[in-house]
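Asks: Got a structure for you, questions after.
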Amino acid sequence: MLSKIVRTISNQLILFILVFGLYIIMHGHVTPGGGFQGGAVIASGVVMMIVAFGSSEIKKSLRERHLSVVESSGALIFIGMAFAGMGTIFFYNFLVGTPVFGGIPPTGPNPGNVWTGGVIPLMNLGVGLKVIAGLSAVVLAMALFSSGEEIEE
Amino acid sequence: MEYLTVHSPILIVAVPLLAAFITPLISRIGNKFRDTVNVSLLSFVTFLIVILTIDIYANGTRVYTLGASVPELALPENYMVPVRIMFQVDGISIFMGLTTTVVALAALVYSLQFVKNETGQDRFYSLFMLLYVGMIGLEFTGDMFNLFVFLEILSIAGAGLASYRVNMADAVEGGFKYIIISAVSALFVLFAIGILYSEYNLLSIAALAHSMQFTTLDLIALALLAIAFVMKLAGVPLHMWAPDTYAVAPAGITPMIYTSSAASMYALYRVTFTLYGGHFDTTAIGWVVIILGVLSMFIGVMMAIHQTDIKRLMAYHAISQSGYMLLGVGVGLAVLTDPVALANYGRDAMNGGIFHIINNALYKGMLFLTAEAIFFRIGTRDLNKMGGLGHNMKWTTIFFIIGALAISGIPPFNGFASKLLIYESVFRFNPLLSIIAMFVSLVTLASFTKVFYSAFTGPEMPAFKEVREVPRSMLIGMGIMVACIIFFSIFPGLVVDTIVAPATDALIDQASYINGVMGAVP
Amino acid sequence: MMQYIPYNIPFIAVALLMGVALFIILFKRNLIKIIMGIAILGAGVNLFLVTLGYRAGGVAPIYTVAPEGVMVLPVPQALTLTNIVITVSVIALMLTMVMFTYRHMGDIDAKKSRLLRG
Amino acid sequence: MSVLTYGYAVWSPIVWLVVLLVLAAIVLYVRSRGQKRYKKGTAQTDIFISGIQVPPAEQRHVPAHNIYWGFFEALKGFYNTMMRPHTGIINDYILWLVAVMVVTVLVLVMVI
Amino acid sequence: MRQVVAWFVLITLVAFLLAGALLIHPFGYPPSDMDDYMIANSQAETANNNVVAAVLFDYRGLDTLGEATVLFTAVTGVLLLFRALKKREKKT
């Protein structure tokens, strides 16, 4: 556990990191970014919290098994989106043209619209959840292991 | 049914992937439920693969383009190059798929009892399914980069599982060696893919083969790809990781990792025959493969007879048997541009090499399972400490005898059928190679006699008086493989005609693979 | 051939980067350093892929308020992204195994912490 | 169906099985002509080495490293050479990979 | 001995890579059939402004699924290794 200044600032900063990461995840189909990048940003925020507060403190609120569940659900959202296209074919972008994320942007440079992209934003969300949970779980497990604690099943 | 047939190539990959993803969730409900779900999903996949096999032998190569509006639409409308990822399943792919699935089913059933008393079971099953996904995806895909991704899935899952018994120091070491060599060889594969992409701006195997120019850069890429895959399939002199990893992997995983080597062998054949076949003179790369094969056979078996660790001994045998496959198919590769020699003996040599893949996956996998059954009961892999186990583990002994006779090429078992094909046809190519192959077979029998003598025969040891036969699910797992071995032994002609010959034809016939994607393009 | 040399400096950098990585992997006995070597090898391959897709004077392939001009190739960028994640995953697993090796053997020298040989 | 035919040879496991069955029948017949007085669990089954005390089970069993001892002794030079590359060091594994890669590139570029 | 072989191999490989760097297409002028199709048609086909995202999740979606699977595999593997070993230690 680091000093009080670090802890306080981390506590404030984590909100901004969360918002920024979510922004990157949800705008992956309009601007540079996407699920992996945004997920890595948020996971780095979690790493910052682990550094500031110590792994045993974080463990009380963030369990491996919960992270595992979140990761599985992210993966399931992703593969579920792919399976949902099975009416036509696996990975078919079936949402194009529907009211949900279905707007088709004009050809060529344009200002951009979040309600486009078909299944891509949803897949980005799934990947984002997966990356957040996966990377945090890895770092948390490593931190707990090196501080000598056993990880529960 | 129609729907299942059309979508079976992707379902075979996606259903086990789904199983891997939901395993951490459903294991909350109960271990029994999780086991049931996993076994039934894998059985469903087996059913799908049988459907797909029948369909492919009836209708030829199947192309499945992901994300297009019609599965067969590999090229976008009015465009000459494939843009999307596609699965392309032909004779050799489905042959490897069948092999993988049979081994995976047997290994999963075997593992049910084996991991019952361990921790981390749900992750074990999750990784098991991912290992299966990696192999089957590698075999079905028709895209170079996708092949790399599945290669990585296979490597990481295999390494994680090899270190499953993490409280043993050697288990961690074996897994670490496997992940390091996998990572380095996979990066070289990716580098070669980058070279190919830079020249043709394509990633699909069929389209690349269609526009291959055989420049110097292509040859560098060929060398990188071929040797990286030889590393993954543990051909001498790149075999040193294999005994380390095979020896420490838990039961049910060793046959799977071994089958993943066979999948890398498939990738090697796919690259050399399909990607670089055609107008390119393959004699040089064929001889490289033959030399690697002969070295693997000879050094593998000579090292094997020296070992006293039962699983290391079997791992060296796995290397030595891979040599037969490399030899058989390498002869076919060396004479690929010579139609007369190909018809005379090249095709038979390739039949032998490919038939040996499935035979070997069966009996080698079964032998690994028996070795692990011994470890399960007496807790050591050291042959010096064993003895007299035949008194108490009767079924394991019988299974071991069948596997040992089959691997040594004793008639009437299936190992003899495939080895006979290799001996006879390679003799016409170069008699010396055939003689070496026979000598290796002899030493194989000698070293399995050593294992049989020191582990199963002899007086009943007082230390092992309490040893009992392994639980039923482990016996069923071994029994599935033995049933396949006996079937293959009695009907070699049927097997070669129905599943091996189409696989060989698929490898030789590069044009039909290309046409499956490029279609009407001139 | 010679006229390409000034333009092909990124590819030469890739070759040198891979050379450095292989030097580390071949000569250093420390397991952590070997993993670093693999990370650099991965970086070299990533650099190779991403330079493959560069088109002279190109802009990023994103249409949102895009400036005028040709776009660089998008596929190598996707491949690079994939490879970055794969390399990270592999390295996480490797580091885990090194941690266990250290716990079991008390050493991370490749020459000293080996049980399996022969 | 069970016969494997190809160009210049034939392999039929059924013939082999028939031969094995005939041999087994002969063996069983010979065995049935033997003495009927043999009984399990009596002194007949005990080991007898000219009256010497029979050693315990562990000492009667030949352990694995003694099997083929002469073979390994004769090929000592070969095995010493063989053991040298099998160091178990991960760097050497990668060195072999890169070396074989370089040789293959040389072969392919020079030959073709 | 090993040092000499290693240096030789390293230098030869780097020499090959450098030769390859000169043989490859000139930097900045790649062949681009497949990519031109994606740049031209991604907006119409996938309703998406970001061509890289279109490639990642639509044209080459299976690669991304595979990549996510690689991450999942690695995380599962890491957590498998870091699991508590109490039960096992009691047994042996």
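By convention in this document, the chains of the structure tokens carry letters A, B, ... by their order, each chain's residues are numbered from 1, and ligands are numbered from 1 in the order they are shown.
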May I have the residues of chain C within 7 Å of chain D, counting only C-alpha atoms, written as a ChimeraX atom specification?

Replies: /C:25-26,110-111,114,116-118

Asks: Where in chain D does DSSP assign helix (DSSP H, G or I), given as a PyMOL selection string?

Replies: chain D and resi 13-32+43-45+57-60+64-66+69-74+76-83+90-111

Asks: Quick one: which residues from chain C are at most 6 Å off chain E, using only C-alpha atoms, as a count of residues only?

Replies: 20

Asks: Pull out every residue of chain A sitting within 9 Å of chain E, counting only C-alpha atoms, and send them as an NGL selection string.

Replies: :A and (28-34 or 36 or 64 or 68 or 71-72 or 75 or 78-79 or 82 or 91-93 or 96-97 or 101-110 or 112-113 or 116-120 or 123-124 or 127 or 130-131 or 134-135 or 137-138 or 141-142 or 145 or 150-153)

Asks: Excluding same-chain residues fewer than 5 positions from Phe87 (chain B), what lies within 6 Å of it counting only C-alpha atoms, as a tab-separated table (two decimals) with all heavy atoms, in the first residue's frame?

Replies:
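The file below, selection.tsv, is the result:
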chain	number	residue	atom	x	y	z
B	63	VAL	N	-16.35	-25.28	-49.36
B	63	VAL	CA	-15.88	-23.95	-48.99
B	63	VAL	C	-16.97	-23.28	-48.17
B	63	VAL	O	-18.15	-23.35	-48.52
B	63	VAL	CB	-15.57	-23.12	-50.25
B	63	VAL	CG1	-15.17	-21.72	-49.87
B	63	VAL	CG2	-14.47	-23.76	-51.03
B	64	TYR	N	-16.57	-22.66	-47.07
B	64	TYR	CA	-17.53	-21.97	-46.22
B	64	TYR	C	-16.96	-20.59	-45.93
B	64	TYR	O	-15.97	-20.45	-45.21
B	64	TYR	CB	-17.73	-22.75	-44.93
B	64	TYR	CG	-18.85	-22.24	-44.06
B	64	TYR	CD1	-20.12	-22.74	-44.19
B	64	TYR	CD2	-18.62	-21.26	-43.11
B	64	TYR	CE1	-21.15	-22.29	-43.41
B	64	TYR	CE2	-19.64	-20.79	-42.32
B	64	TYR	CZ	-20.90	-21.30	-42.47
B	64	TYR	OH	-21.91	-20.84	-41.69
B	140	PHE	N	-9.10	-27.08	-40.63
B	140	PHE	CA	-10.18	-26.72	-41.55
B	140	PHE	C	-9.95	-25.41	-42.27
B	140	PHE	O	-10.55	-25.17	-43.29
B	140	PHE	CB	-11.51	-26.61	-40.78
B	140	PHE	CG	-12.16	-27.93	-40.53
B	140	PHE	CD1	-11.49	-29.10	-40.79
B	140	PHE	CD2	-13.45	-28.01	-40.04
B	140	PHE	CE1	-12.07	-30.33	-40.56
B	140	PHE	CE2	-14.05	-29.23	-39.82
B	140	PHE	CZ	-13.35	-30.38	-40.06
B	141	THR	N	-9.10	-24.54	-41.73
B	141	THR	CA	-9.09	-23.19	-42.26
B	141	THR	C	-8.44	-23.14	-43.64
B	141	THR	O	-7.60	-23.97	-43.99
B	141	THR	CB	-8.39	-22.24	-41.29
B	141	THR	OG1	-8.58	-20.93	-41.76
B	141	THR	CG2	-6.92	-22.53	-41.21
B	142	GLY	N	-8.85	-22.14	-44.41
B	142	GLY	CA	-8.27	-21.97	-45.73
B	142	GLY	C	-7.56	-20.64	-45.84
B	142	GLY	O	-7.46	-20.06	-46.91

Asks: If I take CA of Arg62 (chain B) and CA of Pro9 (chain B), how far is one from the other in Å, to one decimal?

Replies: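 Spanning CA of Arg62 (chain B) to CA of Pro9 (chain B) is a straight-line distance of 8.4 Å.
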
Asks: Starting from chain B, keep only residues with some atom at most 9 Å from an atom of chain C, counting only C-alpha atoms, and report them as JSON, numbers by chain.

Replies: {"B": [145, 149, 152, 156, 159, 160, 163, 166, 167, 168, 169, 170, 172, 173, 174, 175, 176, 179, 180, 183, 184, 187, 188, 190, 191, 194, 195, 197, 198, 240, 243, 244, 303, 307]}

Asks: Return the single residue from D:Gln35, D:Thr42, D:Thr81, D:Gln53 that is closest to chain B, with distances computed using only C-alpha atoms.

Replies: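 So, comparing all the options, the nearest one is D:Thr81.
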